[in-house]
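A.B. asks: What follows is a structure written as structure tokens; I'll ask about it next.
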Amino acid sequence: MSWRSLPSPCYETTAIKATITTTTTATTTTRIVQPDVIRRGNEKQRKATTITTTHANKTNRTNNHPLKRPRESMSHHPPEENSRGIARVTFRVRCETLGHGEMVYLVREGDASGFRIPLYTTSKTYPWHTTRTPLPLSLTDNDDDDTHASATYRYRYAIYRCGTFHRWETPSDGGGGQDHAQESPPRIVPLRLFDPDELYIVNDTLGIVPTDHHLDVDHVKVKKTFSSVASLARKSSTGSAVSLYASSSSNHSRTPLGSSGGAGEPSTKKKVGFAPPPSSPSHPNPHHTKPTPPKQAVHLTSSDGLIVVSAFLPVHLTRSDDGEWTADWDYEALLSMQTHLRVTRIGTVKWRGWHGNVGGGKSDESGVPLEERYKVEAVLRPFHCVPVWVPTSLFGEMYNGFCKGVLWPILHNVSNVYSSSTRIHTESKHNHDATKQAEPYDDSEYAEYSMDDVAQGPIHGDGGREAELWASFTAVNRYFTDVIIQCFNEGDLIWIHGFHLMILPSFLTRRISMAKIGIFLHTPFPSSEIFRTLWCREDLLRGMLNADQVGFHLFEYARHFLTCCRRLLGLNHGMFPDSSGGYNLAIDTNGRHVSVTSIHAGVEPPVLNQVLNHSSTMDRVHSIRNQFQGKVIFAAIDRLESLKGIPLKLLGLERFLQRCPEWAGKIVVVQVGISAFERGEDYTKTRNEVLFMVENINNRWPGTVQFQECAESEMRLQQRMALLRAADIVMVTPIRDGLNLIPLEFTVAHLDALSEHGRKDGRKRGLCILSEFSSCTRVMRGALHVNPWKISEIATAFFQALTMSEDERMRRISIASEFVTRVTTQRWALAVMLDLKGVQKNEDARKYAGAGLGLGFRLLGMDSKFNSLDANSVARAYRSAKSRLILLDYGGTILTNDNSDALTRFQFVKKARAPSVPTEGLIATLKELCADKRNIVFVISGKERHSLTKTLCHIPNLGLAAEHGMFVSWPTPKIGGKRRWETLVPDQDRSWRSIAIAIMEVYTSRTHGSYIEETEMKVLWQYRDADPEFGYLQSRELEDHLSNVLRGFELDILHGGVEEGGYVEVRPKGVNKGVVSMHIVKHLDKMTDKGKLEFALVIGDDHCDEPMLSVMRQIGRRAMEVRIAKKGGPPLAPLPATIAQVDVSACDDYISTNLQCFTSTVGKKPSAAANYVNDVDDVHELLESLVKVTTRETVHSGFYSVVDLKSMADKAGNQVLLPINFEPTENSLIRSYSAGELKVAHQDDFNKATPVKVSTNLSEFLGTIEQEEDEDDIFF
């Protein structure tokens, strides 16, 4: 099996130059199919020559002569002398019959060089294959109208298989059953259809060569752009004769309109200053509008690496008696597909049905013996398979214990399906005999498979046996992680399969955060009410969310997953742009978008047909038909477990025969039961129940049910296809099921029923009876859908299948075959891989950071320069600045957050809990900072005025801003009493408050868990305690309601904090922390006489602080851009796209070009800030370090440090510094600063010396030491 043609490496082809000759034939007219194509009839006669090509050498058309590979780059051919210009043509071809691993190329007819142009496709554009770039075609310009009309471009399509020439296109590629051996003639496109400097699209269908009257050509209108006024004037004077090569031969810089740019003009030096403000969306600034690069289509090439990870490798191992190992592909497995990609498969080896069971067989372990593992590795190496060697007992606990015993029922929406320990109570002798017959296995064999891993009874949390199973589950995932890391190469895609490895992405992202990781579950995903019963629910969800893509077979399963993430983790989802220009469904988590894909897998009809056409398969088919000759055969293949619904199926059969006894003896149900030993007691219970019911039905209607139990290895693809081919109707009636390919295989086995030849046997075959709880029900629309819990529906389905008219049956088979033939396994894999490769993920590992311990680890996406705030850098900038501004948030930044959880928030709003208050140490620190006349310190909070006044009003020179900046109290040296407050926006009519509260009360009454929070200037409707989805819907409705009713007021209606539960807020228009930050900066000259701002420190902690952090970061960036421009350095990297661009140019007059601005958020999370600190304690330590700098410059200003003494000595020359009250004696010894020698100091020297005050104790001495600019670790 192989994937559909995956694009080979891109070979850029630029121009196709044709040979010009003269012919006598002339083309009359050309019919354009598309309505937007220019129809050209009588044109101006031009000189023309016919562009033809020499026919390709006949040997070039054989399969033994592959075409040459294209060059990496081909230079543009200049136009011919008689050329009238260049047309750019894109070729598209519809290919629906390509084989596995095949790719289509465009080849110019008669090109001796053998250049070929690859055509690519994607999951969105399939089956259309397109050239990556338009091909320039040289157009002729001759006066002879006949030769002009006959100028053509001739080409053909070649089919390559795995990079090697396979064949030319044939009429059979277009369908219709044409001869495969006949090659299609060359395609001919008249060049008279094209105009110079225009863009066209030629649409073809592989295998169908149209005549010139049926060409399908689209003309794409291209808007011309010109680099200068001069080029525009030249274009106007020369018409359409501008050469494509002349415009692209050089890369000159563009001259702005209105400037001549002549050599004689004097050059003026560019003025260095602040950049112009960013343009608004409605008035774009042409100087700052950067062209958006075109979105490139995502392709998979042979250079792409892929690591496929699954619990078991898709291979069959065989060991001979002499100890030799052999391997073969398991062609039934989805992951056994062959492709030209660099694929490495990782998983455990499955030998003799091993699932980690200890004992049994002739060895101590059912796994591969330790001394023979190297042989198995050597056998698997040609298959590019790498085994994961896990201890046998550990894997058994993981697989049988946790995966099958805990996760399996939960994922299938059943939390207690295996908890009942009661057996079937029988009253009749027949029941007793059937029960005895149902127990052919001894206790030792049963213990071997069950291992007593599943605690019989309801799952009861993370203690005891469940904790041991969870530990085994995590340990096995770590084993897989180590092997994947060893095999990983940079750029490889990692594709994880199965619920056995749900937490594997968490371990991988810790070590290879830049890798693109996808996980695909082949099981259903439960509703949030079922999934939340797991004690490890958050760990499993975070494990999956650490991947970049999560895949399911149905959107139903994806929807449940999205709901679980919303309800259990508080994460939102939506449609987000992808790298190819489209939009994908994704979950927004920690600054990353985790793509969610829902694509149902298919089967490979060619492989199944090959199995069907095998002689042994056909012999088995005839044997089954002869065994039940004259009867309608119903086939069912199910595992013997409760989820498969076999008893419900038999009850439906019994109900049907009771109502329609005339069908007794005319039908037979062949029920194959696959032994499910790992199900433990559930397997035994189901098997006994099935045997009892089969015996009862056969006793009443002999020969109606043929039940056969077999091992999974005895019902492989060949045996299964023989039974499905022999059957007339297939039944799949599980009560909950994931991927089940039996209906798809059955449909492929009966596709010939749609043809006349297939209907000659007279059988009414090809129908499927499917449970609506099976995944394939959504894609098999032609099947009869039933609710297995409703016995009457199953009985009715029996009757409908037997009495259905021929027309309806053919219609249903045709509808069912549509998906089977269209969506194959390789198309499913290609679509998922293209989505995974298209995930927007930065290759720079520094862009991603980890947070959390253990399985609570999560990957955070943020700016690559988002680092911890360097306290030393802040202190150095703080010390050298003359004018400083410090903006601090209140709760969550300098004080413990009162919104830490929903209960605390509710108690605080309802006045049932006292708010947190600053500590004495914090108050002292703020007082010290405010005492420095060079500092302007503001606390900007969302709290009300009275809360801030109560706790911070006694600090002199501290500025306060309440309710996100609505009220501002400027710094004042007065303490105590009332503070004077100003409003950021003019006070207005507050009648809107009563209206808003009345509306919110209506929504509060019908939304449990919501409440209203009122402050002096705003009203909030909190729904953090409500049902997440219902609360969000109500909030959107409330938002619209308020917007309509309050549209006459100057208000902002905000919907925020969805991650924390969510709220709807109504407040005066134009009030936020970003606006008040700019307001403070523009009033600095009124608060200080230290000049323009040179230092700024801004710290916040939540989404309400993001406007302040964003504005101040952009202010600091403008100053930095000026400094860089003065030095002639390279421009700064653009700000992250998550930062909203704000016009901060109004602050330019108040900030210095030497401004150093530090923005930080509390906690490592995506933010508009440039840095982060870990917690509130780090904020306190940072502020205390700044106090030390302030104290050093004020309190100890009367003393001198060693550095000061050294500098003073250098200035004084040989001046001697004497201690205070030093009484010199004759011939006292002193040290010379110049030579470091001892010399005798005479009395005259001491008399001439000027006493200097120095520190007399150690604390004063150490307190005056100043560090140099280049020293590190000033305070820590």
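Chains: A, B, ... in order of the structure tokens. Residues: from 1 per chain. Ligands: from 1, in order shown.
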Among region 443-572 of chain A, which residues does DSSP mark as helix (DSSP H, G or I) when it is run on the backbone? Keep the chain and numbering as in the structure and answer as a ChimeraX atom specification.

C.D. replies: /A:443-450,465-487,499-501,504-511,528-531,537-545,555-569

A.B. asks: Do a neighbour search on Glu169 (chain A) at 7 Å with only C-alpha atoms, toss out local chain neighbours closer than 4 positions, and write the hits as an MDAnalysis selection string.

C.D. replies: chainID A and resid 157:159 173 183:184 206:207

A.B. asks: When you count only C-alpha atoms, which of these residues is closest to Ala1096 (chain A): A:Leu193, A:Ile646, A:Ile1080, A:Ile995?

C.D. replies: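 Of all the options, A:Ile1080 lies closest to Ala1096 (chain A).
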
A.B. asks: Write out as a tab-separated table (two decimals) with N, CA, C and O atoms, in the first residue's frame which residues come within 12 Å of region 469-479 of chain A when counting only C-alpha atoms, dropping same-chain ones fewer than 6 positions away.

C.D. replies:
```tsv
chain	number	residue	atom	x	y	z
A	309	VAL	N	4.20	6.84	15.33
A	309	VAL	CA	4.29	6.17	16.63
A	309	VAL	C	2.95	5.51	16.94
A	309	VAL	O	1.90	6.14	16.83
A	310	SER	N	3.00	4.25	17.29
A	310	SER	CA	1.79	3.51	17.66
A	310	SER	C	2.17	2.49	18.74
A	310	SER	O	3.35	2.19	18.95
A	311	ALA	N	1.16	1.97	19.40
A	311	ALA	CA	1.42	1.01	20.47
A	311	ALA	C	2.11	-0.23	19.93
A	311	ALA	O	2.98	-0.81	20.57
A	346	ILE	N	7.69	3.61	14.97
A	346	ILE	CA	8.13	3.28	16.33
A	346	ILE	C	6.97	2.65	17.07
A	346	ILE	O	5.84	3.16	17.03
A	347	GLY	N	7.24	1.55	17.75
A	347	GLY	CA	6.22	0.88	18.54
A	347	GLY	C	6.75	-0.41	19.11
A	347	GLY	O	7.90	-0.81	18.84
A	348	THR	N	5.96	-1.07	19.90
A	348	THR	CA	6.35	-2.37	20.44
A	348	THR	C	6.06	-3.45	19.39
A	348	THR	O	5.22	-3.27	18.51
A	356	GLY	N	1.55	-8.00	26.32
A	356	GLY	CA	2.20	-7.78	27.60
A	356	GLY	C	1.86	-8.83	28.63
A	356	GLY	O	2.03	-8.60	29.83
A	387	PRO	N	11.84	-0.84	17.30
A	387	PRO	CA	11.03	-1.37	18.41
A	387	PRO	C	11.29	-0.63	19.71
A	387	PRO	O	12.39	-0.11	19.95
A	388	VAL	N	10.28	-0.58	20.53
A	388	VAL	CA	10.38	-0.05	21.89
A	388	VAL	C	10.30	-1.24	22.84
A	388	VAL	O	9.28	-1.92	22.90
A	389	TRP	N	11.39	-1.47	23.53
A	389	TRP	CA	11.43	-2.63	24.43
A	389	TRP	C	10.96	-2.20	25.82
A	389	TRP	O	11.64	-1.48	26.53
A	390	VAL	N	9.79	-2.65	26.18
A	390	VAL	CA	9.17	-2.33	27.47
A	390	VAL	C	9.11	-3.61	28.28
A	390	VAL	O	8.78	-4.67	27.73
A	391	PRO	N	9.42	-3.56	29.56
A	391	PRO	CA	9.27	-4.76	30.39
A	391	PRO	C	7.88	-5.36	30.25
A	391	PRO	O	6.88	-4.64	30.23
A	392	THR	N	7.84	-6.67	30.16
A	392	THR	CA	6.59	-7.36	29.83
A	392	THR	C	5.49	-7.07	30.83
A	392	THR	O	4.37	-6.73	30.46
A	393	SER	N	5.78	-7.20	32.09
A	393	SER	CA	4.75	-6.97	33.10
A	393	SER	C	4.30	-5.52	33.12
A	393	SER	O	3.10	-5.23	33.32
A	394	LEU	N	5.21	-4.58	32.89
A	394	LEU	CA	4.85	-3.17	32.87
A	394	LEU	C	3.91	-2.86	31.71
A	394	LEU	O	2.90	-2.16	31.87
A	395	PHE	N	4.23	-3.40	30.53
A	395	PHE	CA	3.36	-3.17	29.38
A	395	PHE	C	2.00	-3.84	29.59
A	395	PHE	O	0.96	-3.30	29.16
A	396	GLY	N	1.98	-4.99	30.25
A	396	GLY	CA	0.71	-5.65	30.52
A	396	GLY	C	-0.18	-4.82	31.43
A	396	GLY	O	-1.39	-4.72	31.21
A	397	GLU	N	0.41	-4.21	32.45
A	397	GLU	CA	-0.38	-3.35	33.32
A	397	GLU	C	-0.89	-2.13	32.58
A	397	GLU	O	-2.02	-1.68	32.81
A	398	MET	N	-0.05	-1.58	31.71
A	398	MET	CA	-0.48	-0.42	30.95
A	398	MET	C	-1.59	-0.77	29.96
A	398	MET	O	-2.64	-0.12	29.92
A	399	TYR	N	-1.38	-1.82	29.17
A	399	TYR	CA	-2.31	-2.14	28.09
A	399	TYR	C	-3.59	-2.77	28.60
A	399	TYR	O	-4.69	-2.27	28.35
A	400	ASN	N	-3.46	-3.88	29.33
A	400	ASN	CA	-4.65	-4.58	29.81
A	400	ASN	C	-5.29	-3.90	31.00
A	400	ASN	O	-6.51	-3.89	31.14
A	401	GLY	N	-4.43	-3.31	31.86
A	401	GLY	CA	-4.95	-2.73	33.08
A	401	GLY	C	-5.53	-1.35	32.88
A	401	GLY	O	-6.74	-1.13	33.06
A	402	PHE	N	-4.70	-0.39	32.48
A	402	PHE	CA	-5.17	0.99	32.41
A	402	PHE	C	-5.91	1.28	31.10
A	402	PHE	O	-7.02	1.82	31.11
A	403	CYS	N	-5.31	0.91	29.96
A	403	CYS	CA	-5.92	1.26	28.67
A	403	CYS	C	-7.24	0.55	28.46
A	403	CYS	O	-8.26	1.17	28.17
A	404	LYS	N	-7.23	-0.78	28.60
A	404	LYS	CA	-8.44	-1.54	28.33
A	404	LYS	C	-9.38	-1.59	29.53
A	404	LYS	O	-10.60	-1.69	29.36
A	405	GLY	N	-8.85	-1.51	30.73
A	405	GLY	CA	-9.69	-1.61	31.91
A	405	GLY	C	-10.26	-0.29	32.38
A	405	GLY	O	-11.33	-0.25	32.96
A	406	VAL	N	-9.54	0.81	32.15
A	406	VAL	CA	-9.97	2.12	32.65
A	406	VAL	C	-10.39	3.03	31.51
A	406	VAL	O	-11.51	3.55	31.47
A	407	LEU	N	-9.48	3.26	30.56
A	407	LEU	CA	-9.75	4.22	29.49
A	407	LEU	C	-10.78	3.72	28.49
A	407	LEU	O	-11.61	4.50	28.01
A	452	ASP	N	-5.81	-10.14	36.31
A	452	ASP	CA	-6.50	-9.55	37.47
A	452	ASP	C	-6.18	-8.07	37.60
A	452	ASP	O	-6.10	-7.52	38.71
A	453	ASP	N	-5.98	-7.41	36.43
A	453	ASP	CA	-5.60	-6.00	36.48
A	453	ASP	C	-6.79	-5.09	36.73
A	453	ASP	O	-6.66	-4.02	37.30
A	454	VAL	N	-7.95	-5.49	36.26
A	454	VAL	CA	-9.12	-4.62	36.36
A	454	VAL	C	-9.85	-4.90	37.66
A	454	VAL	O	-10.32	-6.01	37.88
A	455	ALA	N	-9.89	-3.89	38.51
A	455	ALA	CA	-10.64	-4.05	39.76
A	455	ALA	C	-12.12	-4.13	39.43
A	455	ALA	O	-12.69	-3.21	38.88
A	461	GLY	N	-11.16	6.24	41.77
A	461	GLY	CA	-10.20	7.29	42.01
A	461	GLY	C	-8.77	6.87	41.84
A	461	GLY	O	-8.46	5.82	41.29
A	462	ASP	N	-7.87	7.71	42.33
A	462	ASP	CA	-6.44	7.56	42.06
A	462	ASP	C	-5.71	6.86	43.20
A	462	ASP	O	-4.51	7.06	43.38
A	463	GLY	N	-6.40	6.08	43.97
A	463	GLY	CA	-5.74	5.36	45.04
A	463	GLY	C	-5.68	3.88	44.77
A	463	GLY	O	-6.37	3.34	43.91
A	485	ILE	N	13.10	10.35	20.74
A	485	ILE	CA	14.17	11.36	20.77
A	485	ILE	C	15.40	10.85	20.03
A	485	ILE	O	16.07	11.60	19.32
A	486	GLN	N	15.71	9.58	20.15
A	486	GLN	CA	16.87	9.01	19.46
A	486	GLN	C	16.69	9.02	17.95
A	486	GLN	O	17.66	9.17	17.21
A	496	ILE	N	1.42	10.55	16.26
A	496	ILE	CA	1.13	9.57	17.31
A	496	ILE	C	-0.28	9.02	17.11
A	496	ILE	O	-1.21	9.77	16.80
A	499	PHE	N	-5.09	5.88	21.81
A	499	PHE	CA	-5.26	6.43	23.16
A	499	PHE	C	-4.25	5.87	24.13
A	499	PHE	O	-4.15	6.35	25.27
A	500	HIS	N	-3.45	4.87	23.72
A	500	HIS	CA	-2.44	4.33	24.61
A	500	HIS	C	-1.34	5.34	24.90
A	500	HIS	O	-0.61	5.22	25.89
A	501	LEU	N	-1.18	6.34	24.02
A	501	LEU	CA	-0.08	7.31	24.12
A	501	LEU	C	-0.61	8.73	24.26
A	501	LEU	O	-0.05	9.67	23.71
A	502	MET	N	-1.68	8.91	25.02
A	502	MET	CA	-2.32	10.21	25.10
A	502	MET	C	-1.45	11.26	25.78
A	502	MET	O	-1.56	12.46	25.48
A	503	ILE	N	-0.57	10.86	26.70
A	503	ILE	CA	0.26	11.83	27.40
A	503	ILE	C	1.65	11.92	26.79
A	503	ILE	O	2.50	12.65	27.31
A	504	LEU	N	1.91	11.20	25.71
A	504	LEU	CA	3.24	11.23	25.10
A	504	LEU	C	3.64	12.62	24.64
A	504	LEU	O	4.82	13.00	24.78
A	505	PRO	N	2.75	13.46	24.07
A	505	PRO	CA	3.18	14.81	23.68
A	505	PRO	C	3.74	15.64	24.82
A	505	PRO	O	4.62	16.47	24.61
A	506	SER	N	3.26	15.41	26.06
A	506	SER	CA	3.80	16.17	27.19
A	506	SER	C	5.27	15.87	27.41
A	506	SER	O	6.06	16.77	27.70
A	507	PHE	N	5.65	14.61	27.28
A	507	PHE	CA	7.05	14.25	27.47
A	507	PHE	C	7.90	14.73	26.29
A	507	PHE	O	9.07	15.09	26.48
A	508	LEU	N	7.34	14.72	25.09
A	508	LEU	CA	8.13	15.12	23.92
A	508	LEU	C	8.39	16.62	23.89
A	508	LEU	O	9.49	17.06	23.55
A	510	ARG	N	8.79	18.65	26.22
A	510	ARG	CA	9.82	19.07	27.17
A	510	ARG	C	11.20	19.09	26.52
A	510	ARG	O	12.04	19.91	26.86
A	511	ARG	N	11.43	18.19	25.58
A	511	ARG	CA	12.77	17.99	25.04
A	511	ARG	C	12.92	18.46	23.60
A	511	ARG	O	14.01	18.80	23.17
A	534	LEU	N	-12.94	10.59	35.35
A	534	LEU	CA	-11.57	10.12	35.50
A	534	LEU	C	-10.81	11.01	36.46
A	534	LEU	O	-10.91	12.25	36.39
A	535	TRP	N	-10.04	10.43	37.34
A	535	TRP	CA	-9.24	11.23	38.26
A	535	TRP	C	-8.06	11.90	37.54
A	535	TRP	O	-7.53	12.89	38.00
A	536	CYS	N	-7.65	11.35	36.38
A	536	CYS	CA	-6.49	11.88	35.65
A	536	CYS	C	-6.93	12.68	34.45
A	536	CYS	O	-6.19	12.80	33.47
A	537	ARG	N	-8.11	13.26	34.48
A	537	ARG	CA	-8.68	13.91	33.29
A	537	ARG	C	-7.84	15.10	32.83
A	537	ARG	O	-7.60	15.25	31.63
A	539	ASP	N	-4.65	15.70	33.31
A	539	ASP	CA	-3.37	15.24	32.77
A	539	ASP	C	-3.52	14.69	31.36
A	539	ASP	O	-2.67	14.94	30.49
A	540	LEU	N	-4.59	13.96	31.11
A	540	LEU	CA	-4.81	13.42	29.77
A	540	LEU	C	-5.09	14.54	28.77
A	540	LEU	O	-4.57	14.53	27.65
A	543	GLY	N	-1.94	16.48	28.13
A	543	GLY	CA	-1.05	15.69	27.29
A	543	GLY	C	-1.40	15.81	25.83
A	543	GLY	O	-0.52	15.98	24.97
A	854	GLY	N	5.67	17.88	36.33
A	854	GLY	CA	5.07	16.58	36.07
A	854	GLY	C	4.19	16.60	34.85
A	854	GLY	O	4.49	17.21	33.83
A	855	LEU	N	3.06	15.91	34.94
A	855	LEU	CA	2.12	15.88	33.83
A	855	LEU	C	1.31	17.15	33.72
A	855	LEU	O	0.52	17.30	32.78
```

A.B. asks: Could you give me, as number ranges by chain, the residues within 9 Å of Asp1148 (chain A), counting only C-alpha atoms and dropping anything in the same chain fewer than 3 positions from it?

C.D. replies: A: 274, 1082, 1115, 1118-1119, 1144-1145, 1151-1153

A.B. asks: Hey, can you check how far CA of His497 (chain A) sits from CA of Ile519 (chain A)?

C.D. replies: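 Separation between CA of His497 (chain A) and CA of Ile519 (chain A): 5.7 Å.
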
A.B. asks: Name all residues at most 10 Å from Ile729 (chain A) (count only C-alpha atoms; drop same-chain ones fewer than 3 positions away) and give them as a ChimeraX atom specification.

C.D. replies: /A:632-636,669,724-726,743,746-747,764-769,798,801-802

A.B. asks: Write out as a PyMOL selection string each polymer residue whose atoms come within 8 Å of region 775-778 of chain A, counting only C-alpha atoms; drop sequence neighbours fewer than 3 positions from it.

C.D. replies: chain A and resi 553-554+600+737-741+743+770-772+781+783+785

A.B. asks: CA of Thr533 (chain A) and CA of Leu521 (chain A), how far apart in Å?

C.D. replies: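 That distance, rounded to one decimal, is 19.6 Å.
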
A.B. asks: Check the smallest atom-to-atom distance from each of A:Ile188, A:Arg542, A:Ser880, A:Cys1157 to His214 (chain A) using only C-alpha atoms, then report the winner.

C.D. replies: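 Selected residue with least distance to His214 (chain A): A:Ile188.
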
A.B. asks: One number please: CA of Met731 (chain A) to CA of Asn626 (chain A), in Å, one decimal.

C.D. replies: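 Rounded to one decimal, the two atoms are 21.0 Å apart.
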
A.B. asks: Would you please give, as a PyMOL selection string, all residues of region 588-806 of chain A that DSSP assigns to strand (DSSP E) based on the backbone?

C.D. replies: chain A and resi 588-589+592-598+632-639+667-674+705-710+729-732+767-771+784-786
